[in-house]
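The next block is work_10.csv, given as CSV, N, CA and C atoms.
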chain,number,residue,atom,x,y,z
A,2,MET,N,84.8,-28.4,-22.6
A,2,MET,CA,84.4,-28.1,-21.2
A,2,MET,C,82.9,-27.7,-21.3
A,3,ARG,N,82.1,-28.3,-20.6
A,3,ARG,CA,80.7,-28.0,-20.6
A,3,ARG,C,80.4,-27.1,-19.4
A,4,GLN,N,79.8,-26.0,-19.7
A,4,GLN,CA,79.5,-25.0,-18.7
A,4,GLN,C,78.0,-24.6,-18.8
A,5,ARG,N,77.3,-24.6,-17.7
A,5,ARG,CA,75.9,-24.3,-17.6
A,5,ARG,C,75.8,-22.9,-17.1
A,6,ILE,N,75.0,-22.1,-17.8
A,6,ILE,CA,74.7,-20.7,-17.4
A,6,ILE,C,73.4,-20.7,-16.7
A,7,ASN,N,73.3,-20.3,-15.5
A,7,ASN,CA,72.1,-20.2,-14.8
A,7,ASN,C,71.6,-18.8,-14.7
A,8,ILE,N,70.3,-18.6,-14.9
A,8,ILE,CA,69.7,-17.4,-14.8
A,8,ILE,C,68.6,-17.5,-13.8
A,9,PRO,N,68.4,-16.5,-12.9
A,9,PRO,CA,67.4,-16.6,-11.9
A,9,PRO,C,66.0,-16.9,-12.5
A,10,ASN,N,65.3,-17.8,-11.9
A,10,ASN,CA,64.0,-18.3,-12.4
A,10,ASN,C,63.0,-17.2,-12.7
A,11,LYS,N,63.0,-16.1,-11.9
A,11,LYS,CA,62.0,-15.0,-12.1
A,11,LYS,C,62.4,-14.3,-13.4
A,12,LEU,N,63.6,-14.4,-13.9
A,12,LEU,CA,64.0,-13.7,-15.2
A,12,LEU,C,63.9,-14.6,-16.4
A,13,LEU,N,63.8,-15.9,-16.1
A,13,LEU,CA,64.0,-16.9,-17.2
A,13,LEU,C,62.7,-17.0,-18.0
A,14,VAL,N,62.9,-16.9,-19.3
A,14,VAL,CA,61.8,-17.1,-20.3
A,14,VAL,C,61.9,-18.6,-20.6
A,15,VAL,N,60.9,-19.3,-20.3
A,15,VAL,CA,60.9,-20.8,-20.5
A,15,VAL,C,60.8,-21.1,-21.9
A,16,MET,N,61.8,-21.9,-22.4
A,16,MET,CA,61.7,-22.5,-23.7
A,16,MET,C,61.6,-24.0,-23.6
A,17,ALA,N,60.7,-24.6,-24.4
A,17,ALA,CA,60.6,-26.0,-24.3
A,17,ALA,C,61.9,-26.6,-24.8
A,18,GLY,N,62.5,-27.5,-24.1
A,18,GLY,CA,63.8,-28.1,-24.5
A,18,GLY,C,65.0,-27.2,-24.1
A,19,ASN,N,66.1,-27.8,-24.1
A,19,ASN,CA,67.3,-27.0,-23.8
A,19,ASN,C,68.0,-26.5,-25.0
A,20,VAL,N,68.7,-25.4,-24.8
A,20,VAL,CA,69.6,-24.8,-25.9
A,20,VAL,C,71.0,-25.2,-25.6
A,21,LYS,N,71.7,-25.7,-26.6
A,21,LYS,CA,73.1,-26.0,-26.4
A,21,LYS,C,73.8,-25.1,-27.4
A,22,VAL,N,74.9,-24.5,-27.0
A,22,VAL,CA,75.7,-23.6,-27.8
A,22,VAL,C,77.1,-24.2,-27.9
A,23,TYR,N,77.5,-24.5,-29.2
A,23,TYR,CA,78.9,-24.9,-29.5
A,23,TYR,C,79.6,-23.7,-29.8
A,24,TYR,N,80.7,-23.4,-29.1
A,24,TYR,CA,81.4,-22.1,-29.2
A,24,TYR,C,82.9,-22.2,-29.0
A,25,ASN,N,83.6,-21.1,-29.2
A,25,ASN,CA,85.0,-20.9,-28.8
A,25,ASN,C,85.0,-19.8,-27.9
A,26,PRO,N,85.4,-20.0,-26.6
A,26,PRO,CA,85.4,-18.9,-25.7
A,26,PRO,C,86.2,-17.6,-26.0
A,27,ARG,N,87.2,-17.8,-26.9
A,27,ARG,CA,88.0,-16.7,-27.4
A,27,ARG,C,87.4,-15.9,-28.6
A,28,CYS,N,86.3,-16.4,-29.1
A,28,CYS,CA,85.7,-15.8,-30.3
A,28,CYS,C,84.7,-14.7,-29.9
A,29,VAL,N,85.0,-13.5,-30.5
A,29,VAL,CA,84.1,-12.4,-30.2
A,29,VAL,C,82.7,-12.6,-30.7
A,30,THR,N,82.6,-13.2,-31.9
A,30,THR,CA,81.3,-13.5,-32.5
A,30,THR,C,80.5,-14.4,-31.5
A,31,CYS,N,81.1,-15.4,-31.0
A,31,CYS,CA,80.5,-16.3,-30.1
A,31,CYS,C,80.0,-15.6,-28.8
A,32,ARG,N,80.8,-14.8,-28.3
A,32,ARG,CA,80.5,-14.0,-27.1
A,32,ARG,C,79.3,-13.1,-27.3
A,33,ARG,N,79.3,-12.4,-28.5
A,33,ARG,CA,78.2,-11.5,-28.8
A,33,ARG,C,76.9,-12.3,-28.9
A,34,SER,N,76.9,-13.5,-29.6
A,34,SER,CA,75.7,-14.3,-29.7
A,34,SER,C,75.2,-14.8,-28.4
A,35,ILE,N,76.1,-15.2,-27.5
A,35,ILE,CA,75.8,-15.7,-26.2
A,35,ILE,C,75.2,-14.6,-25.4
A,36,GLU,N,75.7,-13.4,-25.5
A,36,GLU,CA,75.1,-12.2,-24.9
A,36,GLU,C,73.6,-12.0,-25.3
A,37,ARG,N,73.3,-12.3,-26.5
A,37,ARG,CA,72.0,-12.1,-27.0
A,37,ARG,C,71.0,-13.2,-26.3
A,38,LEU,N,71.5,-14.4,-26.1
A,38,LEU,CA,70.8,-15.3,-25.3
A,38,LEU,C,70.5,-14.8,-23.9
A,39,LYS,N,71.5,-14.3,-23.3
A,39,LYS,CA,71.3,-13.7,-22.0
A,39,LYS,C,70.3,-12.6,-22.0
A,40,VAL,N,70.4,-11.7,-22.9
A,40,VAL,CA,69.5,-10.6,-23.0
A,40,VAL,C,68.0,-11.1,-23.2
A,41,ASN,N,67.9,-12.1,-24.0
A,41,ASN,CA,66.6,-12.7,-24.2
A,41,ASN,C,66.1,-13.7,-23.1
A,42,ARG,N,67.0,-13.7,-22.1
A,42,ARG,CA,66.7,-14.6,-20.9
A,42,ARG,C,66.4,-16.0,-21.2
A,43,VAL,N,67.3,-16.6,-22.0
A,43,VAL,CA,67.3,-18.0,-22.4
A,43,VAL,C,68.3,-18.8,-21.6
A,44,GLU,N,67.9,-19.9,-21.0
A,44,GLU,CA,68.8,-20.7,-20.3
A,44,GLU,C,69.5,-21.6,-21.4
A,45,PHE,N,70.8,-21.8,-21.3
A,45,PHE,CA,71.6,-22.5,-22.3
A,45,PHE,C,72.8,-23.2,-21.6
A,46,GLU,N,73.3,-24.2,-22.4
A,46,GLU,CA,74.5,-24.9,-22.0
A,46,GLU,C,75.6,-24.6,-23.0
A,47,LEU,N,76.8,-24.4,-22.6
A,47,LEU,CA,77.9,-24.1,-23.5
A,47,LEU,C,78.8,-25.3,-23.6
A,48,GLU,N,79.2,-25.5,-24.9
A,48,GLU,CA,80.2,-26.6,-25.1
A,48,GLU,C,81.3,-26.0,-26.0
A,49,ASP,N,82.5,-26.0,-25.4
A,49,ASP,CA,83.7,-25.5,-26.1
A,49,ASP,C,84.2,-26.6,-27.0
A,50,PHE,N,83.9,-26.5,-28.3
A,50,PHE,CA,84.3,-27.5,-29.2
A,50,PHE,C,85.8,-27.4,-29.6
A,51,PHE,N,86.5,-26.5,-29.0
A,51,PHE,CA,88.0,-26.5,-29.2
A,51,PHE,C,88.6,-27.4,-28.1
A,52,LYS,N,88.0,-27.5,-27.0
A,52,LYS,CA,88.5,-28.4,-25.9
A,52,LYS,C,88.0,-29.8,-26.1
A,53,ASP,N,86.7,-29.9,-26.3
A,53,ASP,CA,86.0,-31.2,-26.5
A,53,ASP,C,85.7,-31.3,-27.9
A,54,ARG,N,86.6,-31.7,-28.7
A,54,ARG,CA,86.5,-31.8,-30.2
A,54,ARG,C,85.3,-32.5,-30.6
A,55,LEU,N,84.6,-32.0,-31.7
A,55,LEU,CA,83.5,-32.7,-32.3
A,55,LEU,C,84.0,-33.8,-33.2
A,56,THR,N,83.3,-34.9,-33.2
A,56,THR,CA,83.6,-36.0,-34.1
A,56,THR,C,83.0,-35.8,-35.4
A,57,LYS,N,83.4,-36.6,-36.4
A,57,LYS,CA,82.8,-36.5,-37.7
A,57,LYS,C,81.3,-36.6,-37.7
A,58,GLN,N,80.8,-37.6,-36.9
A,58,GLN,CA,79.4,-37.9,-36.8
A,58,GLN,C,78.7,-36.7,-36.2
A,59,GLU,N,79.3,-36.1,-35.2
A,59,GLU,CA,78.7,-34.9,-34.5
A,59,GLU,C,78.6,-33.7,-35.5
A,60,ILE,N,79.7,-33.5,-36.3
A,60,ILE,CA,79.7,-32.4,-37.3
A,60,ILE,C,78.6,-32.7,-38.3
A,61,MET,N,78.5,-33.9,-38.8
A,61,MET,CA,77.5,-34.2,-39.8
A,61,MET,C,76.1,-34.0,-39.3
A,62,SER,N,75.9,-34.4,-38.0
A,62,SER,CA,74.6,-34.3,-37.4
A,62,SER,C,74.2,-32.8,-37.3
A,63,LEU,N,75.2,-31.9,-36.8
A,63,LEU,CA,74.9,-30.5,-36.7
A,63,LEU,C,74.6,-29.9,-38.0
A,64,LEU,N,75.3,-30.3,-39.1
A,64,LEU,CA,75.1,-29.7,-40.4
A,64,LEU,C,73.7,-30.1,-40.9
A,65,LYS,N,73.3,-31.3,-40.6
A,65,LYS,CA,72.0,-31.8,-41.0
A,65,LYS,C,70.9,-31.0,-40.3
A,66,MET,N,71.1,-30.9,-39.0
A,66,MET,CA,70.1,-30.1,-38.2
A,66,MET,C,70.0,-28.7,-38.7
A,67,ALA,N,71.1,-28.1,-39.1
A,67,ALA,CA,71.1,-26.7,-39.6
A,67,ALA,C,70.6,-26.6,-41.1
A,68,GLY,N,70.6,-27.7,-41.8
A,68,GLY,CA,70.2,-27.7,-43.1
A,68,GLY,C,71.1,-27.0,-44.1
A,69,ILE,N,72.4,-27.1,-43.8
A,69,ILE,CA,73.4,-26.5,-44.6
A,69,ILE,C,74.4,-27.5,-45.1
A,70,SER,N,75.1,-27.1,-46.2
A,70,SER,CA,76.1,-28.0,-46.8
A,70,SER,C,77.4,-27.8,-46.0
A,71,VAL,N,78.3,-28.8,-46.2
A,71,VAL,CA,79.6,-28.7,-45.6
A,71,VAL,C,80.4,-27.4,-46.0
A,72,LYS,N,80.3,-27.1,-47.2
A,72,LYS,CA,81.0,-25.9,-47.7
A,72,LYS,C,80.5,-24.7,-47.1
A,73,ASP,N,79.2,-24.6,-46.9
A,73,ASP,CA,78.6,-23.4,-46.3
A,73,ASP,C,78.9,-23.3,-44.8
A,74,ALA,N,79.4,-24.3,-44.2
A,74,ALA,CA,79.8,-24.3,-42.8
A,74,ALA,C,81.2,-24.0,-42.5
A,75,LEU,N,82.0,-23.8,-43.6
A,75,LEU,CA,83.4,-23.5,-43.5
A,75,LEU,C,83.6,-22.1,-43.2
A,76,ARG,N,84.5,-21.9,-42.2
A,76,ARG,CA,84.9,-20.5,-41.8
A,76,ARG,C,86.1,-20.1,-42.7
A,77,LYS,N,85.8,-19.2,-43.6
A,77,LYS,CA,86.9,-18.9,-44.6
A,77,LYS,C,88.0,-18.0,-44.1
A,78,LYS,N,87.7,-17.4,-42.9
A,78,LYS,CA,88.7,-16.5,-42.3
A,78,LYS,C,89.8,-17.3,-41.5
A,79,ASP,N,89.6,-18.6,-41.3
A,79,ASP,CA,90.5,-19.3,-40.5
A,79,ASP,C,91.8,-19.6,-41.3
A,80,LYS,N,93.0,-19.5,-40.6
A,80,LYS,CA,94.3,-19.7,-41.3
A,80,LYS,C,94.4,-21.0,-42.0
A,81,MET,N,93.7,-22.1,-41.5
A,81,MET,CA,93.8,-23.4,-42.1
A,81,MET,C,93.1,-23.4,-43.4
A,82,TYR,N,92.1,-22.6,-43.6
A,82,TYR,CA,91.3,-22.5,-44.8
A,82,TYR,C,92.3,-22.2,-46.0
A,83,LYS,N,93.1,-21.2,-45.7
A,83,LYS,CA,94.1,-20.8,-46.8
A,83,LYS,C,95.2,-21.9,-46.8
A,84,ALA,N,95.7,-22.3,-45.7
A,84,ALA,CA,96.8,-23.3,-45.7
A,84,ALA,C,96.5,-24.6,-46.4
A,85,LEU,N,95.2,-25.0,-46.3
A,85,LEU,CA,94.8,-26.2,-47.0
A,85,LEU,C,94.3,-26.0,-48.4
A,86,LYS,N,94.3,-24.7,-48.8
A,86,LYS,CA,93.9,-24.2,-50.1
A,86,LYS,C,92.4,-24.7,-50.4
A,87,LEU,N,91.6,-24.5,-49.4
A,87,LEU,CA,90.2,-24.9,-49.6
A,87,LEU,C,89.4,-24.1,-50.6
A,88,ASP,N,90.0,-22.9,-50.9
A,88,ASP,CA,89.4,-22.0,-51.9
A,88,ASP,C,89.7,-22.4,-53.3
A,89,ARG,N,90.8,-23.2,-53.4
A,89,ARG,CA,91.3,-23.6,-54.8
A,89,ARG,C,91.1,-25.1,-55.1
A,90,LYS,N,91.3,-25.9,-54.2
A,90,LYS,CA,91.2,-27.4,-54.4
A,90,LYS,C,89.8,-27.9,-54.2
A,91,GLN,N,89.5,-28.9,-55.0
A,91,GLN,CA,88.2,-29.6,-54.8
A,91,GLN,C,88.3,-30.8,-53.8
A,92,TYR,N,87.6,-30.7,-52.8
A,92,TYR,CA,87.6,-31.8,-51.8
A,92,TYR,C,86.2,-32.3,-51.6
A,93,SER,N,86.1,-33.6,-51.3
A,93,SER,CA,84.8,-34.2,-51.1
A,93,SER,C,84.3,-33.7,-49.7
A,94,ASP,N,83.0,-33.9,-49.5
A,94,ASP,CA,82.4,-33.5,-48.2
A,94,ASP,C,83.1,-34.3,-47.1
A,95,ASN,N,83.4,-35.5,-47.3
A,95,ASN,CA,84.0,-36.4,-46.3
A,95,ASN,C,85.4,-35.8,-45.9
A,96,GLU,N,86.2,-35.4,-46.9
A,96,GLU,CA,87.5,-34.8,-46.7
A,96,GLU,C,87.4,-33.5,-45.9
A,97,LEU,N,86.4,-32.7,-46.3
A,97,LEU,CA,86.2,-31.4,-45.6
A,97,LEU,C,85.8,-31.6,-44.1
A,98,ILE,N,84.9,-32.6,-43.9
A,98,ILE,CA,84.5,-32.9,-42.5
A,98,ILE,C,85.7,-33.4,-41.7
A,99,THR,N,86.6,-34.2,-42.3
A,99,THR,CA,87.8,-34.6,-41.7
A,99,THR,C,88.7,-33.4,-41.3
A,100,PHE,N,88.8,-32.5,-42.2
A,100,PHE,CA,89.5,-31.2,-41.8
A,100,PHE,C,88.9,-30.5,-40.7
A,101,MET,N,87.5,-30.4,-40.7
A,101,MET,CA,86.8,-29.7,-39.6
A,101,MET,C,87.0,-30.4,-38.3
A,102,GLU,N,87.1,-31.7,-38.3
A,102,GLU,CA,87.3,-32.5,-37.1
A,102,GLU,C,88.7,-32.2,-36.5
A,103,LYS,N,89.7,-32.1,-37.4
A,103,LYS,CA,91.1,-31.9,-37.0
A,103,LYS,C,91.4,-30.5,-36.7
A,104,TYR,N,90.8,-29.6,-37.4
A,104,TYR,CA,91.0,-28.1,-37.2
A,104,TYR,C,89.6,-27.4,-37.0
A,105,PRO,N,89.2,-27.4,-35.7
A,105,PRO,CA,87.9,-26.9,-35.4
A,105,PRO,C,87.7,-25.4,-35.8
A,106,GLY,N,88.8,-24.7,-36.0
A,106,GLY,CA,88.7,-23.3,-36.4
A,106,GLY,C,88.0,-23.1,-37.8
A,107,LEU,N,87.9,-24.2,-38.5
A,107,LEU,CA,87.3,-24.2,-39.8
A,107,LEU,C,85.8,-24.2,-39.7
A,108,ILE,N,85.2,-24.5,-38.6
A,108,ILE,CA,83.8,-24.5,-38.4
A,108,ILE,C,83.2,-23.2,-38.0
A,109,LEU,N,82.2,-22.7,-38.9
A,109,LEU,CA,81.6,-21.5,-38.5
A,109,LEU,C,80.9,-21.6,-37.2
A,110,ARG,N,80.9,-20.5,-36.4
A,110,ARG,CA,80.4,-20.6,-35.0
A,110,ARG,C,79.8,-19.3,-34.6
A,111,PRO,N,79.1,-19.3,-33.5
A,111,PRO,CA,78.6,-20.4,-32.7
A,111,PRO,C,77.5,-21.1,-33.4
A,112,ILE,N,77.3,-22.4,-32.9
A,112,ILE,CA,76.2,-23.2,-33.4
A,112,ILE,C,75.2,-23.3,-32.2
A,113,MET,N,74.0,-22.9,-32.4
A,113,MET,CA,73.0,-23.1,-31.4
A,113,MET,C,72.0,-24.2,-31.8
A,114,VAL,N,71.7,-25.0,-30.8
A,114,VAL,CA,70.9,-26.2,-31.1
A,114,VAL,C,69.8,-26.3,-30.1
A,115,LYS,N,68.6,-26.5,-30.6
A,115,LYS,CA,67.4,-26.7,-29.8
A,115,LYS,C,66.4,-27.6,-30.6
A,116,ASP,N,65.9,-28.6,-29.9
A,116,ASP,CA,64.9,-29.5,-30.5
A,116,ASP,C,65.3,-30.0,-31.9
A,117,ASN,N,66.5,-30.5,-32.0
A,117,ASN,CA,67.0,-31.1,-33.2
A,117,ASN,C,67.0,-30.1,-34.4
A,118,LYS,N,67.1,-28.8,-34.1
A,118,LYS,CA,67.3,-27.8,-35.1
A,118,LYS,C,68.5,-27.0,-34.7
A,119,ALA,N,69.3,-26.6,-35.7
A,119,ALA,CA,70.5,-25.8,-35.4
A,119,ALA,C,70.6,-24.6,-36.3
A,120,VAL,N,71.3,-23.6,-35.8
A,120,VAL,CA,71.6,-22.4,-36.6
A,120,VAL,C,73.0,-22.0,-36.3
A,121,ILE,N,73.7,-21.5,-37.3
A,121,ILE,CA,75.0,-20.8,-37.1
A,121,ILE,C,74.7,-19.4,-36.8
A,122,ALA,N,74.8,-19.0,-35.5
A,122,ALA,CA,74.4,-17.7,-35.1
A,122,ALA,C,75.6,-16.7,-35.1
A,123,ASN,N,76.2,-16.5,-36.3
A,123,ASN,CA,77.4,-15.7,-36.4
A,123,ASN,C,77.0,-14.2,-36.5
A,124,LYS,N,75.7,-13.9,-36.4
A,124,LYS,CA,75.3,-12.5,-36.3
A,124,LYS,C,74.3,-12.4,-35.2
A,125,PRO,N,74.3,-11.3,-34.4
A,125,PRO,CA,73.4,-11.2,-33.3
A,125,PRO,C,71.9,-11.3,-33.7
A,126,GLU,N,71.5,-10.8,-34.8
A,126,GLU,CA,70.1,-11.0,-35.3
A,126,GLU,C,69.7,-12.4,-35.5
A,127,ILE,N,70.7,-13.3,-35.8
A,127,ILE,CA,70.4,-14.7,-36.0
A,127,ILE,C,70.1,-15.3,-34.6
A,128,ALA,N,70.9,-14.9,-33.6
A,128,ALA,CA,70.7,-15.4,-32.3
A,128,ALA,C,69.3,-14.9,-31.7
A,129,ASP,N,69.0,-13.6,-32.0
A,129,ASP,CA,67.7,-13.1,-31.6
A,129,ASP,C,66.5,-13.9,-32.2
A,130,ALA,N,66.6,-14.1,-33.5
A,130,ALA,CA,65.6,-14.8,-34.2
A,130,ALA,C,65.4,-16.3,-33.7
A,131,PHE,N,66.6,-16.9,-33.4
A,131,PHE,CA,66.6,-18.2,-32.8
A,131,PHE,C,65.8,-18.2,-31.5
A,132,CYS,N,66.1,-17.2,-30.7
A,132,CYS,CA,65.4,-17.1,-29.4
A,132,CYS,C,63.9,-16.9,-29.6
A,133,LYS,N,63.5,-16.0,-30.5
A,133,LYS,CA,62.1,-15.8,-30.7
A,133,LYS,C,61.4,-17.0,-31.3
A,134,ARG,N,62.0,-17.7,-32.2
A,134,ARG,CA,61.4,-18.9,-32.7
A,134,ARG,C,61.2,-19.9,-31.7
A,135,GLY,N,62.1,-20.0,-30.8
A,135,GLY,CA,62.0,-21.0,-29.7
A,135,GLY,C,61.0,-20.7,-28.7
A,136,MET,N,60.6,-19.5,-28.6
A,136,MET,CA,59.6,-19.1,-27.5
A,136,MET,C,58.2,-19.2,-28.0
A,137,LYS,N,58.0,-19.5,-29.3
A,137,LYS,CA,56.6,-19.6,-29.8
A,137,LYS,C,56.0,-21.0,-29.5
Written form, structure tokens:
Amino acid sequence: MRQRINIPNKLLVVMAGNVKVYYNPRCVTCRRSIERLKVNRVEFELEDFFKDRLTKQEIMSLLKMAGISVKDALRKKDKMYKALKLDRKQYSDNELITFMEKYPGLILRPIMVKDNKAVIANKPEIADAFCKRGMK
């Protein structure tokens, strides 16, 4: 589900390009990072990747934009991480991306994207830095 958050123009800090946030609405970490965007008066678009699942291509593209490996993008707290024994077995990147496509809870979140650059904003200070970098 794509949801656009509108902020009154007089409060909006203009950033060149749009910010897209891939998130899980039930995730506390996602909600905290989204709140940081609001505090920094950044206009953004939300995409719930639990409802509108990411494809393998989209996952690979996001990882490339973030400059991180597949293993670094795995959410180790997810129940499927343990069920699939991702901490013990050796899987190829392609296999891991297949798991991420099938079980989106394995993807660290939220992912913020702007101008072909992405960050995993799983800490409020990362979201703040992302906002400040975008305003320069």
Every residue of chain A that DSSP places in alpha helix (DSSP H), as a count of residues only: 50
Contacts of range 93-105 of chain A within 10 Å, only C-alpha atoms, excl. fewer than 6 positions in-chain, as a list in words: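 Contacts, with the query itself left out: Asn25, Phe50, Phe51, Lys52, Arg54, Leu55, Thr56, Lys57, Gln58, Glu59, Ile60, Met61, Ser70, Val71, Lys72, Ala74, Leu75, Arg76, Asp79, Lys80, Met81, Tyr82, Leu85 and Leu87 of chain A.
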Å distance separating CA of Met66 in chain A from CA of Lys90 in chain A, one decimal place: 26.7 Å
Pick from A:Asp129, A:Asp88, A:Glu48, A:Asp116, whichever lies nearest to Pro26 in chain A using only C-alpha atoms: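 Looking at the shortest contact to Pro26 in chain A, the residue is A:Glu48.
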Per residue of range 61-135 of chain A within 9 Å of range 28-32 of chain A, which atom pair is closest and at what distance in Å (one decimal), using only C-alpha atoms, listed by chain and increasing number, as CSV?
residue,atom,partner,partner_atom,distance
A:Arg110,CA,A:Cys31,CA,6.5
A:Pro111,CA,A:Cys31,CA,5.2
A:Ile112,CA,A:Cys31,CA,8.8
A:Ala122,CA,A:Cys31,CA,8.0
A:Asn123,CA,A:Thr30,CA,5.9
A:Lys124,CA,A:Thr30,CA,7.2
A:Pro125,CA,A:Thr30,CA,8.3
What's around Val20 in chain A at 6 Å? Count only C-alpha atoms, leave out sequence neighbours fewer than 2 positions away in its own chain, and write the answer as an mmCIF file with N, CA and C atoms, in the frame of the given file.
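In the end it all went to part-v2.cif:
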data_model
loop_
_atom_site.group_PDB
_atom_site.id
_atom_site.type_symbol
_atom_site.label_atom_id
_atom_site.label_comp_id
_atom_site.auth_asym_id
_atom_site.auth_seq_id
_atom_site.Cartn_x
_atom_site.Cartn_y
_atom_site.Cartn_z
ATOM 1 N N PHE A 45 70.800 -21.800 -21.300
ATOM 2 C CA PHE A 45 71.600 -22.500 -22.300
ATOM 3 C C PHE A 45 72.800 -23.200 -21.600
ATOM 4 N N VAL A 114 71.700 -25.000 -30.800
ATOM 5 C CA VAL A 114 70.900 -26.200 -31.100
ATOM 6 C C VAL A 114 69.800 -26.300 -30.100
ATOM 7 N N LYS A 115 68.600 -26.500 -30.600
ATOM 8 C CA LYS A 115 67.400 -26.700 -29.800
ATOM 9 C C LYS A 115 66.400 -27.600 -30.600
#
Selected residue, from A:Leu63, A:Leu47, A:Cys132, A:Val40, that lies nearest to Asn117 in chain A when counting only C-alpha atoms: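 Going through A:Leu63, A:Leu47, A:Cys132, A:Val40 one by one, the smallest distance to Asn117 in chain A is for A:Leu63.
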Point-to-point distance from CA of Tyr23 in chain A to atom C of Gln91 in chain A, Å rounded to tenths: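 Taking CA of Tyr23 in chain A as the start and atom C of Gln91 in chain A as the end point, the length is 26.7 Å.
Counting from atom C of Tyr92 in chain A, the distance to atom C of Val22 in chain A is 26.6 Å.
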DSSP-assigned strand (DSSP E or B) among range 5-133 of chain A, expressed as a list in words: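 Matching residues, listed in order: Arg5, Ile6, Val20, Lys21, Val22, Tyr23, Tyr24, Phe45, Glu46, Leu47, Glu48, Asp49, Leu75, Ile108, Ile112, Met113, Val114, Lys115, Lys118, Ala119, Val120 and Ile121 of chain A.
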